[in-house]
Amino acid sequence: MPSFTTRDGCTLHYEIAGEGVPVALTPGGRERKEALAPLVAELAKGCRVLTWDRRNTGASDLFFGGEGSEQEIWADDLAELLRGIGFAPAVLAGGSAGCRVALLAAVRHPGLARALVLWSASGGPYGSQVLGYNYHVPYIMAAQRGGMAAVAETPFFAERLRANPANEARLFALDPEAFVATMKRWNGFFQYREDTPLVGLTEADLRALAVPTLVFEGNDDIHPPQVAEAIARLVPGAVLAPSPWTREAWMDRFTGRSAGSVFDLYPQLAPRILAFLKGL
């Protein structure tokens with residue numbers, strides 16, 4: 001599996017499939033790149049697709065250094081990765097966390113994005129609260145209860161250790177109090193603010209973007225419609241496309257009412273994305 005090491009020493013794993021317009025695809029949540037495999041299979045029929053494991057996800061390194069929020073660090077990592085391997089400028093694409101990373105990377109690193117393809121844009125008081133809790137609070141509480149050994153036993157971190165055995169030493173080297181402080185700081189990124197229509201991005205940030213943008217409507221509790229509508233309104237020339245799935249289809253998978261993952265819905269995005277890319 002190809003890898004790239006950032007300036008601060010974090011090794012990131014990535015894969016590339018297909019030929020054509022370069023598209024950098026970031027997973028949502030804290031999911032590993034394999035979650036996007038069904039969508040990659042469709043997009044690779046018409047473009048060159050890079051997927052990657054962000055730090056603290058998948059097989060990449062656990063790495064809790066750096067300043068700012070984890071979301072901003074991910075955006076900076078994406079920029080460094082794409083430029084480091086000669087994949088920039090690229091179409092930056094993703095849903096939920098992938099949407100945030102794509103937008104943050106485009107804002108923080110002018111010239112990196114050839115275009116933006118976004119879906120499941122996160123925001124609103126409830127969505128912000130749920131995401132901040134899920135990303136951080138269970139691990140804060142584990143560290144406060146039983147130190148890094150308790151963190152290692154959580155399903156998420158146990159999977160990170162299985163995916164990359166070297167992560168065990170990195171995790172246990174952390175001071176629990178410093179880990180908690182970092183998680184609390186990262187959680188602050190998700191505090192709802194009236195001036196951030198999308199988690200972590202202001203109206204001024206969105207207005208400053210000057211690249212072709214396709215954004216799909218949101219229609220669930222975490223990705224409410226007004227967030228995608230704000231992106232389409234504020235980013236010059238952005239195109240708002242209908243969601244290819246219903247609210248019920250997404251919520252059924254998210255809540256566990258039906259089998260499968262929300263990522264199973266993603267291939268439905270491919271026809272509209274490929275049509276958009278052909279027009280670039």
# chains A, B, ... in the order shown; residues from 1 in each chain; ligands from 1
>>> residues_around(residues="region 164-169 of chain A", least_positions_apart="3", cutoff="12 Å", atoms="only C-alpha atoms", output="tab-separated table (two decimals) with N, CA and C atoms, in the first residue's frame")
chain	number	residue	atom	x	y	z
A	10	CYS	N	4.12	12.03	10.41
A	10	CYS	CA	2.97	11.13	10.42
A	10	CYS	C	2.87	10.42	9.07
A	11	THR	N	2.81	9.09	9.09
A	11	THR	CA	2.70	8.31	7.86
A	11	THR	C	1.24	8.07	7.51
A	12	LEU	N	0.86	8.46	6.29
A	12	LEU	CA	-0.49	8.32	5.77
A	12	LEU	C	-0.50	7.27	4.68
A	13	HIS	N	-1.53	6.44	4.65
A	13	HIS	CA	-1.67	5.43	3.62
A	13	HIS	C	-2.75	5.85	2.62
A	53	ASP	N	-6.33	7.18	4.14
A	53	ASP	CA	-6.62	7.10	5.57
A	53	ASP	C	-6.01	8.32	6.23
A	55	ARG	N	-4.74	10.71	9.37
A	55	ARG	CA	-4.12	10.35	10.65
A	55	ARG	C	-5.23	10.04	11.66
A	56	ASN	N	-4.99	9.07	12.49
A	56	ASN	CA	-5.94	8.60	13.50
A	56	ASN	C	-7.12	7.83	12.91
A	57	THR	N	-7.01	7.44	11.64
A	57	THR	CA	-8.03	6.59	11.03
A	57	THR	C	-7.35	5.51	10.21
A	58	GLY	N	-8.06	4.40	9.99
A	58	GLY	CA	-7.56	3.36	9.13
A	58	GLY	C	-6.19	2.86	9.53
A	59	ALA	N	-5.34	2.62	8.52
A	59	ALA	CA	-4.01	2.08	8.77
A	59	ALA	C	-2.95	3.17	8.95
A	60	SER	N	-3.34	4.44	8.86
A	60	SER	CA	-2.37	5.52	9.06
A	60	SER	C	-2.01	5.64	10.54
A	61	ASP	N	-1.02	6.48	10.82
A	61	ASP	CA	-0.51	6.59	12.18
A	61	ASP	C	-1.51	7.29	13.11
A	62	LEU	N	-1.52	6.83	14.36
A	62	LEU	CA	-2.11	7.63	15.43
A	62	LEU	C	-1.12	8.74	15.73
A	63	PHE	N	-1.61	9.98	15.72
A	63	PHE	CA	-0.70	11.11	15.82
A	63	PHE	C	-1.46	12.29	16.39
A	64	PHE	N	-1.12	12.68	17.60
A	64	PHE	CA	-1.90	13.71	18.29
A	64	PHE	C	-1.14	15.01	18.47
A	148	MET	N	-4.83	5.34	29.12
A	148	MET	CA	-4.74	4.97	27.71
A	148	MET	C	-5.08	3.51	27.49
A	149	ALA	N	-4.96	2.67	28.53
A	149	ALA	CA	-5.37	1.27	28.38
A	149	ALA	C	-6.87	1.19	28.11
A	151	VAL	N	-8.66	3.58	26.71
A	151	VAL	CA	-8.87	4.11	25.35
A	151	VAL	C	-8.59	3.01	24.33
A	152	ALA	N	-7.53	2.25	24.54
A	152	ALA	CA	-7.16	1.17	23.61
A	152	ALA	C	-8.23	0.11	23.51
A	153	GLU	N	-9.05	-0.03	24.54
A	153	GLU	CA	-10.10	-1.05	24.54
A	153	GLU	C	-11.38	-0.60	23.85
A	157	PHE	N	-10.45	2.54	18.77
A	157	PHE	CA	-8.99	2.49	18.91
A	157	PHE	C	-8.46	1.06	18.84
A	158	ALA	N	-9.25	0.09	19.27
A	158	ALA	CA	-8.82	-1.30	19.11
A	158	ALA	C	-8.64	-1.64	17.64
A	159	GLU	N	-9.52	-1.11	16.80
A	159	GLU	CA	-9.39	-1.34	15.36
A	159	GLU	C	-8.16	-0.63	14.79
A	160	ARG	N	-7.86	0.57	15.31
A	160	ARG	CA	-6.65	1.27	14.83
A	160	ARG	C	-5.39	0.47	15.16
A	161	LEU	N	-5.37	-0.17	16.31
A	161	LEU	CA	-4.20	-0.96	16.69
A	161	LEU	C	-4.09	-2.22	15.83
A	172	PHE	N	0.07	4.25	23.76
A	172	PHE	CA	0.42	4.10	25.17
A	172	PHE	C	1.50	5.09	25.61
A	173	ALA	N	2.16	5.73	24.65
A	173	ALA	CA	3.14	6.77	25.00
A	173	ALA	C	2.48	8.08	25.38
A	174	LEU	N	1.19	8.22	25.09
A	174	LEU	CA	0.49	9.47	25.36
A	174	LEU	C	0.17	9.61	26.84
>>> residues_around(residues="Leu118 (chain A)", least_positions_apart="4", cutoff="6 Å", atoms="only C-alpha atoms", output="list in words")
Ala93, Gly94, Gly95, Cys99 and Val215 of chain A
>>> closest_residue(among="A:Phe216, A:Phe179, A:Trp52, A:Trp74", to="Ser122 (chain A)", atoms="only C-alpha atoms")
A:Phe216
>>> residues_around(residues="Asp205 (chain A)", least_positions_apart="5", cutoff="10 Å", atoms="only C-alpha atoms", output="mmCIF file with C-alpha atoms, in the first residue's frame")
data_model
loop_
_atom_site.group_PDB
_atom_site.id
_atom_site.type_symbol
_atom_site.label_atom_id
_atom_site.label_comp_id
_atom_site.auth_asym_id
_atom_site.auth_seq_id
_atom_site.Cartn_x
_atom_site.Cartn_y
_atom_site.Cartn_z
ATOM 1 C CA LEU A 103 -13.701 22.668 1.924
ATOM 2 C CA LEU A 104 -11.114 23.387 4.604
ATOM 3 C CA ALA A 106 -9.602 24.468 -0.509
ATOM 4 C CA VAL A 107 -9.887 27.488 1.808
ATOM 5 C CA ARG A 108 -6.563 26.971 3.594
ATOM 6 C CA THR A 196 -20.689 29.054 10.506
ATOM 7 C CA GLY A 200 -15.930 25.139 10.967
ATOM 8 C CA LEU A 234 -22.444 31.368 -0.949
ATOM 9 C CA VAL A 235 -19.879 29.632 -3.188
#
>>> closest_residue(among="A:Leu171, A:Met141, A:Val91, A:Ala17", to="Val40 (chain A)", atoms="only C-alpha atoms")
A:Ala17
>>> select_by_dssp(residues="region 59-204 of chain A", states="helix (DSSP H, G or I)", output="ChimeraX atom specification")
/A:70-84,97-108,124-153,155-163,167-172,176-188,203-204
>>> write_last_selection(atoms="C-alpha atoms", output="PDB file, in the first residue's frame")
ATOM      1  CA  GLU A  70      -8.120  17.661  13.941  1.00  0.00           C
ATOM      2  CA  GLN A  71     -10.309  18.648  11.002  1.00  0.00           C
ATOM      3  CA  GLU A  72      -7.885  21.432  10.049  1.00  0.00           C
ATOM      4  CA  ILE A  73      -4.918  19.096  10.474  1.00  0.00           C
ATOM      5  CA  TRP A  74      -6.607  16.603   8.141  1.00  0.00           C
ATOM      6  CA  ALA A  75      -7.084  19.383   5.574  1.00  0.00           C
ATOM      7  CA  ASP A  76      -3.422  20.369   5.824  1.00  0.00           C
ATOM      8  CA  ASP A  77      -2.386  16.710   5.532  1.00  0.00           C
ATOM      9  CA  LEU A  78      -4.468  16.356   2.370  1.00  0.00           C
ATOM     10  CA  ALA A  79      -2.776  19.365   0.815  1.00  0.00           C
ATOM     11  CA  GLU A  80       0.683  18.086   1.732  1.00  0.00           C
ATOM     12  CA  LEU A  81      -0.117  14.585   0.459  1.00  0.00           C
ATOM     13  CA  LEU A  82      -1.503  15.731  -2.899  1.00  0.00           C
ATOM     14  CA  ARG A  83       1.351  18.116  -3.570  1.00  0.00           C
ATOM     15  CA  GLY A  84       3.926  15.654  -2.298  1.00  0.00           C
ATOM     16  CA  ALA A  97     -16.146  14.752   7.389  1.00  0.00           C
ATOM     17  CA  GLY A  98     -14.928  14.354   3.808  1.00  0.00           C
ATOM     18  CA  CYS A  99     -16.959  17.410   2.838  1.00  0.00           C
ATOM     19  CA  ARG A 100     -15.448  19.433   5.707  1.00  0.00           C
ATOM     20  CA  VAL A 101     -11.912  18.346   4.826  1.00  0.00           C
ATOM     21  CA  ALA A 102     -12.391  19.181   1.141  1.00  0.00           C
ATOM     22  CA  LEU A 103     -13.701  22.668   1.924  1.00  0.00           C
ATOM     23  CA  LEU A 104     -11.114  23.387   4.604  1.00  0.00           C
ATOM     24  CA  ALA A 105      -8.316  22.260   2.298  1.00  0.00           C
ATOM     25  CA  ALA A 106      -9.602  24.468  -0.509  1.00  0.00           C
ATOM     26  CA  VAL A 107      -9.887  27.488   1.808  1.00  0.00           C
ATOM     27  CA  ARG A 108      -6.563  26.971   3.594  1.00  0.00           C
ATOM     28  CA  GLY A 124     -26.908  23.073  12.536  1.00  0.00           C
ATOM     29  CA  PRO A 125     -27.177  22.930  16.346  1.00  0.00           C
ATOM     30  CA  TYR A 126     -28.132  19.257  16.578  1.00  0.00           C
ATOM     31  CA  GLY A 127     -25.741  17.917  13.925  1.00  0.00           C
ATOM     32  CA  SER A 128     -22.820  19.851  15.390  1.00  0.00           C
ATOM     33  CA  GLN A 129     -23.552  18.556  18.888  1.00  0.00           C
ATOM     34  CA  VAL A 130     -23.895  14.926  17.799  1.00  0.00           C
ATOM     35  CA  LEU A 131     -20.688  14.961  15.764  1.00  0.00           C
ATOM     36  CA  GLY A 132     -18.654  16.653  18.477  1.00  0.00           C
ATOM     37  CA  TYR A 133     -19.849  14.097  21.010  1.00  0.00           C
ATOM     38  CA  ASN A 134     -19.273  11.043  18.817  1.00  0.00           C
ATOM     39  CA  TYR A 135     -15.800  12.123  17.712  1.00  0.00           C
ATOM     40  CA  HIS A 136     -14.445  12.900  21.160  1.00  0.00           C
ATOM     41  CA  VAL A 137     -16.494  12.317  24.307  1.00  0.00           C
ATOM     42  CA  PRO A 138     -16.357   8.483  24.510  1.00  0.00           C
ATOM     43  CA  TYR A 139     -12.553   8.628  24.355  1.00  0.00           C
ATOM     44  CA  ILE A 140     -12.289  11.479  26.850  1.00  0.00           C
ATOM     45  CA  MET A 141     -14.387   9.467  29.285  1.00  0.00           C
ATOM     46  CA  ALA A 142     -12.362   6.298  28.659  1.00  0.00           C
ATOM     47  CA  ALA A 143      -9.075   8.116  29.361  1.00  0.00           C
ATOM     48  CA  GLN A 144     -10.509   9.672  32.513  1.00  0.00           C
ATOM     49  CA  ARG A 145     -11.784   6.271  33.668  1.00  0.00           C
ATOM     50  CA  GLY A 146      -8.781   4.071  32.959  1.00  0.00           C
ATOM     51  CA  GLY A 147      -6.013   5.944  31.143  1.00  0.00           C
ATOM     52  CA  MET A 148      -4.740   4.975  27.712  1.00  0.00           C
ATOM     53  CA  ALA A 149      -5.369   1.273  28.381  1.00  0.00           C
ATOM     54  CA  ALA A 150      -9.098   2.030  28.539  1.00  0.00           C
ATOM     55  CA  VAL A 151      -8.866   4.109  25.352  1.00  0.00           C
ATOM     56  CA  ALA A 152      -7.160   1.174  23.615  1.00  0.00           C
ATOM     57  CA  GLU A 153     -10.098  -1.048  24.538  1.00  0.00           C
ATOM     58  CA  PRO A 155     -13.874  -0.418  19.527  1.00  0.00           C
ATOM     59  CA  PHE A 156     -12.502   2.459  17.465  1.00  0.00           C
ATOM     60  CA  PHE A 157      -8.991   2.490  18.906  1.00  0.00           C
ATOM     61  CA  ALA A 158      -8.825  -1.300  19.109  1.00  0.00           C
ATOM     62  CA  GLU A 159      -9.394  -1.338  15.357  1.00  0.00           C
ATOM     63  CA  ARG A 160      -6.655   1.273  14.831  1.00  0.00           C
ATOM     64  CA  LEU A 161      -4.198  -0.964  16.685  1.00  0.00           C
ATOM     65  CA  ARG A 162      -5.181  -3.991  14.595  1.00  0.00           C
ATOM     66  CA  ALA A 163      -4.843  -2.023  11.364  1.00  0.00           C
ATOM     67  CA  ASN A 167       0.049   2.446  16.752  1.00  0.00           C
ATOM     68  CA  GLU A 168       0.029   0.582  20.076  1.00  0.00           C
ATOM     69  CA  ALA A 169       3.319   2.138  21.164  1.00  0.00           C
ATOM     70  CA  ARG A 170       2.175   5.564  19.990  1.00  0.00           C
ATOM     71  CA  LEU A 171      -1.084   5.328  21.908  1.00  0.00           C
ATOM     72  CA  PHE A 172       0.424   4.102  25.169  1.00  0.00           C
ATOM     73  CA  PRO A 176      -3.847  10.644  29.491  1.00  0.00           C
ATOM     74  CA  GLU A 177      -4.294  14.228  30.663  1.00  0.00           C
ATOM     75  CA  ALA A 178      -2.679  15.593  27.508  1.00  0.00           C
ATOM     76  CA  PHE A 179      -4.847  13.256  25.402  1.00  0.00           C
ATOM     77  CA  VAL A 180      -7.990  14.528  27.142  1.00  0.00           C
ATOM     78  CA  ALA A 181      -6.913  18.143  26.670  1.00  0.00           C
ATOM     79  CA  THR A 182      -6.362  17.552  22.940  1.00  0.00           C
ATOM     80  CA  MET A 183      -9.730  15.837  22.540  1.00  0.00           C
ATOM     81  CA  LYS A 184     -11.478  18.702  24.345  1.00  0.00           C
ATOM     82  CA  ARG A 185      -9.739  21.228  22.100  1.00  0.00           C
ATOM     83  CA  TRP A 186     -10.753  19.307  18.993  1.00  0.00           C
ATOM     84  CA  ASN A 187     -14.301  19.074  20.300  1.00  0.00           C
ATOM     85  CA  GLY A 188     -14.460  22.874  20.399  1.00  0.00           C
ATOM     86  CA  GLU A 203     -19.835  32.634   5.184  1.00  0.00           C
ATOM     87  CA  ALA A 204     -16.721  34.628   4.251  1.00  0.00           C
TER      88      ALA A 204
END
>>> atom_distance(atom1="CA of Asp220 (chain A)", atom2="CA of Leu50 (chain A)")
27.3 Å
>>> residues_around(residues="Arg114 (chain A)", least_positions_apart="6", cutoff="10 Å", atoms="only C-alpha atoms", output="list in words")
Val21, Pro22, Val23, Ala88, Pro89, Ala90, Val91, Leu92, Ala106, Ala210, Val211, Pro212, Thr213 and Leu280 of chain A
>>> select_by_dssp(residues="region 10-108 of chain A", states="strand (DSSP E or B)", output="list in words")
Thr11, Leu12, His13, Tyr14, Glu15, Ile16, Ala17, Val21, Pro22, Val23, Ala24, Leu25, Thr26, Cys47, Arg48, Val49, Leu50, Thr51, Trp52, Asp53, Ala90, Val91, Leu92, Ala93, Gly94 and Gly95 of chain A
>>> write_last_selection(atoms="C-alpha atoms", output="compact mmCIF listing (two decimals), in the first residue's frame")
# COMPACT_ATOMS: atom_id res chain seq x y z
CA THR A 11 2.70 8.31 7.86
CA LEU A 12 -0.49 8.32 5.77
CA HIS A 13 -1.67 5.43 3.62
CA TYR A 14 -3.45 5.96 0.30
CA GLU A 15 -4.53 4.18 -2.88
CA ILE A 16 -5.13 5.35 -6.45
CA ALA A 17 -7.47 3.74 -8.99
CA VAL A 21 -9.32 13.76 -13.95
CA PRO A 22 -7.62 13.50 -10.53
CA VAL A 23 -10.15 13.22 -7.70
CA ALA A 24 -9.09 13.14 -4.03
CA LEU A 25 -11.82 11.38 -2.07
CA THR A 26 -11.93 11.65 1.74
CA CYS A 47 -11.45 9.49 -13.42
CA ARG A 48 -8.31 8.87 -11.38
CA VAL A 49 -9.38 8.47 -7.76
CA LEU A 50 -7.18 8.81 -4.69
CA THR A 51 -8.54 7.58 -1.37
CA TRP A 52 -6.63 7.89 1.88
CA ASP A 53 -6.62 7.10 5.57
CA ALA A 90 -7.30 17.84 -7.88
CA VAL A 91 -11.05 17.68 -7.51
CA LEU A 92 -11.57 17.52 -3.74
CA ALA A 93 -14.53 15.33 -2.89
CA GLY A 94 -16.24 13.80 0.12
CA GLY A 95 -19.25 13.54 2.35
>>> atom_distance(atom1="CA of Ile222 (chain A)", atom2="CA of Gly28 (chain A)")
12.1 Å
>>> closest_residue(among="A:Leu265, A:Ala121, A:Val239, A:Ala249", to="Pro197 (chain A)", atoms="only C-alpha atoms")
A:Ala121
>>> closest_residue(among="A:Ala208, A:Ala241, A:Leu43, A:Ala270", to="Gly20 (chain A)", atoms="only C-alpha atoms")
A:Leu43
>>> atom_distance(atom1="CA of Asn219 (chain A)", atom2="CA of Thr246 (chain A)")
7.2 Å
>>> closest_residue(among="A:Thr6, A:Thr255, A:Ser69, A:Ser120", to="Glu229 (chain A)", atoms="only C-alpha atoms")
A:Ser120
>>> decode(residues="region 124-152 of chain A", atoms="N, CA and C atoms", output="short mmCIF file (atom, residue, chain, number, x, y, z; two decimals), in the first residue's frame")
data_model
loop_
_atom_site.label_atom_id
_atom_site.label_comp_id
_atom_site.auth_asym_id
_atom_site.auth_seq_id
_atom_site.Cartn_x
_atom_site.Cartn_y
_atom_site.Cartn_z
N GLY A 124 -25.73 22.90 11.71
CA GLY A 124 -26.91 23.07 12.54
C GLY A 124 -26.63 22.71 13.98
N PRO A 125 -27.44 23.19 14.92
CA PRO A 125 -27.18 22.93 16.35
C PRO A 125 -27.13 21.44 16.69
N TYR A 126 -28.08 20.67 16.20
CA TYR A 126 -28.13 19.26 16.58
C TYR A 126 -26.99 18.47 15.93
N GLY A 127 -26.80 18.65 14.62
CA GLY A 127 -25.74 17.92 13.93
C GLY A 127 -24.37 18.21 14.50
N SER A 128 -24.11 19.48 14.82
CA SER A 128 -22.82 19.85 15.39
C SER A 128 -22.61 19.17 16.73
N GLN A 129 -23.66 19.16 17.56
CA GLN A 129 -23.55 18.56 18.89
C GLN A 129 -23.31 17.05 18.80
N VAL A 130 -24.05 16.37 17.93
CA VAL A 130 -23.90 14.93 17.80
C VAL A 130 -22.49 14.57 17.31
N LEU A 131 -22.01 15.28 16.31
CA LEU A 131 -20.69 14.96 15.76
C LEU A 131 -19.59 15.22 16.79
N GLY A 132 -19.66 16.36 17.47
CA GLY A 132 -18.65 16.65 18.48
C GLY A 132 -18.62 15.59 19.56
N TYR A 133 -19.79 15.15 19.99
CA TYR A 133 -19.85 14.10 21.01
C TYR A 133 -19.24 12.79 20.48
N ASN A 134 -19.71 12.35 19.33
CA ASN A 134 -19.27 11.04 18.82
C ASN A 134 -17.77 11.00 18.53
N TYR A 135 -17.22 12.10 18.06
CA TYR A 135 -15.80 12.12 17.71
C TYR A 135 -14.90 12.10 18.94
N HIS A 136 -15.37 12.62 20.07
CA HIS A 136 -14.44 12.90 21.16
C HIS A 136 -14.85 12.38 22.54
N VAL A 137 -16.11 12.54 22.91
CA VAL A 137 -16.49 12.32 24.31
C VAL A 137 -16.28 10.88 24.78
N PRO A 138 -16.61 9.84 24.01
CA PRO A 138 -16.36 8.48 24.51
C PRO A 138 -14.89 8.23 24.86
N TYR A 139 -13.97 8.86 24.13
CA TYR A 139 -12.55 8.63 24.35
C TYR A 139 -12.04 9.49 25.51
N ILE A 140 -12.60 10.67 25.67
CA ILE A 140 -12.29 11.48 26.85
C ILE A 140 -12.69 10.72 28.11
N MET A 141 -13.90 10.17 28.11
CA MET A 141 -14.39 9.47 29.28
C MET A 141 -13.58 8.19 29.55
N ALA A 142 -13.18 7.50 28.48
CA ALA A 142 -12.36 6.30 28.66
C ALA A 142 -11.02 6.65 29.30
N ALA A 143 -10.37 7.72 28.81
CA ALA A 143 -9.07 8.12 29.36
C ALA A 143 -9.21 8.55 30.81
N GLN A 144 -10.30 9.23 31.13
CA GLN A 144 -10.51 9.67 32.51
C GLN A 144 -10.81 8.48 33.43
N ARG A 145 -11.42 7.45 32.87
CA ARG A 145 -11.78 6.27 33.67
C ARG A 145 -10.59 5.36 33.89
N GLY A 146 -9.81 5.10 32.84
CA GLY A 146 -8.78 4.07 32.96
C GLY A 146 -7.52 4.35 32.17
N GLY A 147 -7.24 5.61 31.86
CA GLY A 147 -6.01 5.94 31.14
C GLY A 147 -6.01 5.42 29.71
N MET A 148 -4.83 5.34 29.12
CA MET A 148 -4.74 4.97 27.71
C MET A 148 -5.08 3.51 27.49
N ALA A 149 -4.96 2.67 28.53
CA ALA A 149 -5.37 1.27 28.38
C ALA A 149 -6.87 1.19 28.11
N ALA A 150 -7.66 2.02 28.77
CA ALA A 150 -9.10 2.03 28.54
C ALA A 150 -9.43 2.59 27.16
N VAL A 151 -8.66 3.58 26.71
CA VAL A 151 -8.87 4.11 25.35
C VAL A 151 -8.59 3.01 24.33
N ALA A 152 -7.53 2.25 24.54
CA ALA A 152 -7.16 1.17 23.61
C ALA A 152 -8.23 0.11 23.51
#
